[in-house]
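Visitor: One structure is given below, represented as structure tokens, and several questions about it will come after.
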Number of protein chains: 2
Amino acid sequence: MSLKKEITIYDLARELNYSPSTISRALNDHKSISKKTIKKIKETAQEMGYRPNTLAAGLRNNKSKTIGISISRINRPFMSSLISGIEEEARKSGYNVIISQSHDKYENEVNNTKALYDSRISGLIVSLSMETIKLDHFKQFMKQGIPVVFVDRAPHGLNSYKVVIDNYTAGYNATKHLIEQGCTRIAHFAGAQHRNIYEGRKKGYLDALKEHEIEIDDELIIHFKTLSFEEGEKATKKLLKLPSPPDGIFSANDTAAVSAVMTAKKQGVKIPEELAVIGFNDDPIASIVEPSLSTVSHPAEKMGRISAKRILNHSDKTHDEGISEVTVLHTDIIVRDSSNRKKS
Amino acid sequence: MSLKKEITIYDLARELNYSPSTISRALNDHKSISKKTIKKIKETAQEMGYRPNTLAAGLRNNKSKTIGISISRINRPFMSSLISGIEEEARKSGYNVIISQSHDKYENEVNNTKALYDSRISGLIVSLSMETIKLDHFKQFMKQGIPVVFVDRAPHGLNSYKVVIDNYTAGYNATKHLIEQGCTRIAHFAGAQHRNIYEGRKKGYLDALKEHEIEIDDELIIHFKTLSFEEGEKATKKLLKLPSPPDGIFSANDTAAVSAVMTAKKQGVKIPEELAVIGFNDDPIASIVEPSLSTVSHPAEKMGRISAKRILNHSDKTHDEGISEVTVLHTDIIVRDSSNRKKS
DNA sequence: TTATTTTATGCAACCGATTCCGTTATTTAT
DNA sequence: ATAAATAACGGAATCGGTTGCATAAAATAA
């Protein structure tokens with residue numbers, strides 16, 4: 001029953017015969033407090049078991065040391081790694097991380113970001129929901145000078161921080177890789193085209209074909225809604241029924257790619273000889289499926305770390321309305337068995 | 001540049017000629033405010049775009065509407081699903097969720113829980129780190145009447161909420177399943193035995209053998225440190241070199257089990273005919289590996305939901321020092337190809 | 001030596017909601 | 001009709017830091 005009384009800066013002030021302001025400043029290493037005083041105060045704070053009340057500080061500053069995250073779903077390998085990176089970086093600096101899931105619904109994203117806004121977060125890291133087109137729900141942050149970092153799934157316009165990969169080049173290289181393996185009819189599992197990442201991957205795919213003078217066949221480009229396993233299965237079956245089926249598939253994610261590998265194999269198609277497949281993300285399933293899936297590696301944790309740093313370093317001075325710093329990370333093609341015809 | 005002024009209950013009070021106390025009470029549906037007044041106040045609050053300042057409320061109550069989580073790692077299928085469940089349930093009630101990762105280090109867990117404590121969380125949900133043995137860092141919460149829910153990896157003693165699965169029965173049934181498939185020499189990939197979950201699974205394994213009068217061979221019980229893919233590979237190779245190798249493996253997680261399947265297959269061992277394998281968790285990789293992995297399903301999201309509810313429903317009245325409500329969820333054996341000899 | 005900075009610290013007003021303790025009408029009981 | 005109970009609301013302190021504006025002392029400049 002003994003609710004240990006929390007000690008405050010006032011207790012420290014009384015103990016040390018200083019004013020609360022001095023205590024506060026000392027604990028924050030304010031320059032106008034002498035080193036000796038700071039040291040003394042910090043020591044007794046330690047001894048007395050002082051714990052700063054972040055709520056009080058937050059109230060005063062109208063800002064909590066907290067980073068908010070809005071993503072589609074936590075339980076996706078890419079997303080959980082991203083969060084992991086953010087969390088580690090944030091915690092180093094004494095920031096908390098609060099998460100919210102949109103489940104790829106625009107409405108949820110709006111509600112969640114509102115809730116985060118109300119929580120006085122110091123910054124927001126967003127990977128847009130699949131549905132999101134309107135971006136008004138982010139303007140409140142910008143108005144208040146609260147940094148917003150779009151990661152991976154970023155919007156086109158809107159001046160703000162962005163941490164993305166070069167989807168175009170990745171798509172180009174993945175397709176080029178298939179071409180180099182001798183593929184001449186390459187299909188593409190495309191994601192929703194209003195999401196930058198899928199748009200970039202498709203463009204890269206198209207340009208790679210063009211540059212190698214391979215005719216583009218619209219029949220081979222399948223637009224997915226969610227790039228799920230089931231969709232992948234359906235698409236693969238459809239492709240294999242074609243009079244002239246593809247000899248290569250570049251999928252915009254690993255789930256659909258793995259699905260293609262398994263479906264094709266079940267139908268007796270030889271992989272990679274008859275059909276070479278490459279995915280995107282390097283999810284754990286990619287190395288488990290047989291034959292193992294070639295893919296494009298996605299530096300998820302690193303993206304998380306960088307996003308967090310963007311927020312932690314965002315000085316409030318830069319109240320310039322239009323901060324636009326875009327970080328583009330590069331990706332690697334990971335060649336595994338599903339596309340390696342030359343057994344290099 | 002126009003930093004929109006946030007409106008407070010004082011603004012509402014002025015506007016409506018009420019006192020701030022009345023506004024506050026009305027917004028919280030206090031019984032001593034008339035329905036009409038409440039309605040009127042809430043309406044104009046809506047119109048004027050009022051947003052409650054959770055920091056101020058938190059400061060006053062010494063409690064933020066926030067649930068803290070301490071887990072080993074976010075980017076594990078089980079953990080991210082768990083968090084997903086917690087987040088959904090919490091958000092429904094207007095709570096935020098803040099996460100921290102221990103990376104299975106005791107020291108991190110201690111630091112993280114301290115940080116969460118300082119953030120005045122309303123409750124803590126913990127899945128213990130692999131190293132944790134001492135539990136003193138949780139006592140501060142109990143002293144303050146802040147509910148702590150141990151989920152999955154729970155401690156033995158310590159009165160508090162627990163949400164776990166019946167690891168013993170799961171281990172028993174998994175082993176029994178292998179026996180029913182005709183296995184007579186069944187190996188076990190065991191996890192750290194001071195963690196309840198691994199202890200239970202092993203006990204279930206042992207008892208299943210005893211009850212079916214199968215001799216226990218210590219050579220077949222391998223104690224893992226982290227149940228990683230690499231460890232699984234090593235263990236499998238070792239087992240297969242035995243003069244009399246096992247014809248079945250019950251692994252305490254899927255990662256090691258998948259590793260066993262792949263390793264054994266590479267060595268020409270027929271699965272499930274010569275070696276039947278069953279894992280634990282039902283991770284995504286389980287259904288991708290070939291042959292697909294039999295496993296024990298782990299209701300991760302549900303566990304998260306229940307854990308969150310425990311905290312949300314924890315009335316502060318129950319200040320009884322010793323709340324001990326244990327929720328035991330049941331698991332299902334999922335039979336896939338890696339153990340299905342009878343092709344039922 | 002006197003004037004001017006610089007250094008170190010204190011005062012007190014916030015930040016926005018909550019709540020104990022009244023006070024004044026309005027009912028209900030006697 | 002008067003006492004007692006109830007309903008509806010207001011006053012003001014409180015939560016624990018933060019910070020602009022003094023002020024006093026010490027250091028430096030003139």
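We label chains A, B, ... in the order they appear in the structure tokens, count residues from 1 in each chain, and number ligands from 1 in the order shown.
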Please return, as a list of chain:residue names, all residues of chain D lying within 7 Å of chain B when only C-alpha atoms (C1' of nucleotides) are considered.
Guide: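 That gives D:DA7, D:DA8, D:DC9, D:DG10, D:DC15 for chain D.
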Visitor: Can you write just those residues out, N, CA and C atoms (P, O5', C5', C4', C3', O3' and C1' of nucleotides), as a tab-separated table (two decimals), in the first residue's frame?
Guide:
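Saved to part30.tsv:
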```
chain	number	residue	atom	x	y	z
D	7	DA	P	-29.78	13.33	-7.36
D	7	DA	O5'	-29.86	14.65	-8.24
D	7	DA	C5'	-31.07	15.39	-8.29
D	7	DA	C4'	-30.79	16.72	-8.99
D	7	DA	C3'	-29.73	16.64	-10.08
D	7	DA	O3'	-30.16	17.43	-11.17
D	7	DA	C1'	-29.08	18.23	-8.44
D	8	DA	P	-29.29	17.48	-12.51
D	8	DA	O5'	-28.46	18.83	-12.29
D	8	DA	C5'	-29.17	20.07	-12.27
D	8	DA	C4'	-28.15	21.18	-12.19
D	8	DA	C3'	-26.98	21.05	-13.17
D	8	DA	O3'	-26.81	22.29	-13.83
D	8	DA	C1'	-26.17	21.38	-10.98
D	9	DC	P	-25.79	22.43	-15.04
D	9	DC	O5'	-24.60	23.16	-14.29
D	9	DC	C5'	-24.86	24.48	-13.75
D	9	DC	C4'	-23.84	24.80	-12.71
D	9	DC	C3'	-22.42	25.04	-13.21
D	9	DC	O3'	-22.20	26.43	-13.26
D	9	DC	C1'	-22.52	24.02	-11.05
D	10	DG	P	-20.84	26.98	-13.89
D	10	DG	O5'	-20.10	27.47	-12.56
D	10	DG	C5'	-20.76	28.42	-11.73
D	10	DG	C4'	-19.85	28.81	-10.58
D	10	DG	C3'	-18.42	29.20	-10.98
D	10	DG	O3'	-18.00	30.27	-10.14
D	10	DG	C1'	-18.33	27.34	-9.54
D	15	DC	P	0.51	19.01	-5.74
D	15	DC	O5'	0.83	18.13	-7.02
D	15	DC	C5'	-0.09	17.16	-7.50
D	15	DC	C4'	0.19	16.89	-8.95
D	15	DC	C3'	1.65	17.16	-9.32
D	15	DC	O3'	2.37	15.93	-9.33
D	15	DC	C1'	0.12	18.11	-10.92
```
Visitor: Please report as a VMD selection string which residues of chain A come no farther than 8 Å from chain B, using only C-alpha atoms.
Guide: chain A and resid 1 to 4 51 to 56 58 to 59 73 to 77 80 to 81 83 to 84 87 to 88 96 to 101 118 to 120 143 to 144 284 to 285 288 to 290 319 321
Visitor: Using only C-alpha atoms for the distances, tell me which of A:Ser93, A:Thr132, A:Ser228, A:Ser251 is nearest to Ile186 of chain A.
Guide: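 Selected residue with least distance to Ile186 of chain A: A:Ser251.
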Visitor: Here is a test: counting only C-alpha atoms, which residue of B:Pro155, B:Glu211, B:Ser244, B:Lys266 is nearest to Arg185 of chain B?
Guide: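 Of all the options, B:Ser244 lies closest to Arg185 of chain B.
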Visitor: Set the cut-off to 8 Å and count only C-alpha atoms (C1' of nucleotides): what are the residues of chain C that reach chain B? Output as a list in words.
Guide: DC15, DG16, DA17 and DT18 of chain C
Visitor: Which value, in Å to one decimal, gives the distance between atom CA of Leu206 of chain A and atom CA of Val126 of chain A?
Guide: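 Between these atoms lies a distance of 28.4 Å.
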Visitor: Please return as an MDAnalysis selection string: the residues of segment 136-322 of chain A that backbone DSSP assigns to strand (DSSP E or B).
Guide: chainID A and resid 148:151 161:165 186:190 221:223 248:251 276:278 281 294:297
Visitor: Just the number, please: distance in Å from atom CA of Ile249 of chain A to atom CA of Cys183 of chain A, one decimal.
Guide: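 Separation between atom CA of Ile249 of chain A and atom CA of Cys183 of chain A: 9.2 Å.
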Visitor: Please measure the separation of atom CA of Gly123 of chain A and atom CA of Asn28 of chain A, giving the value in Å to one decimal.
Guide: 21.1 Å
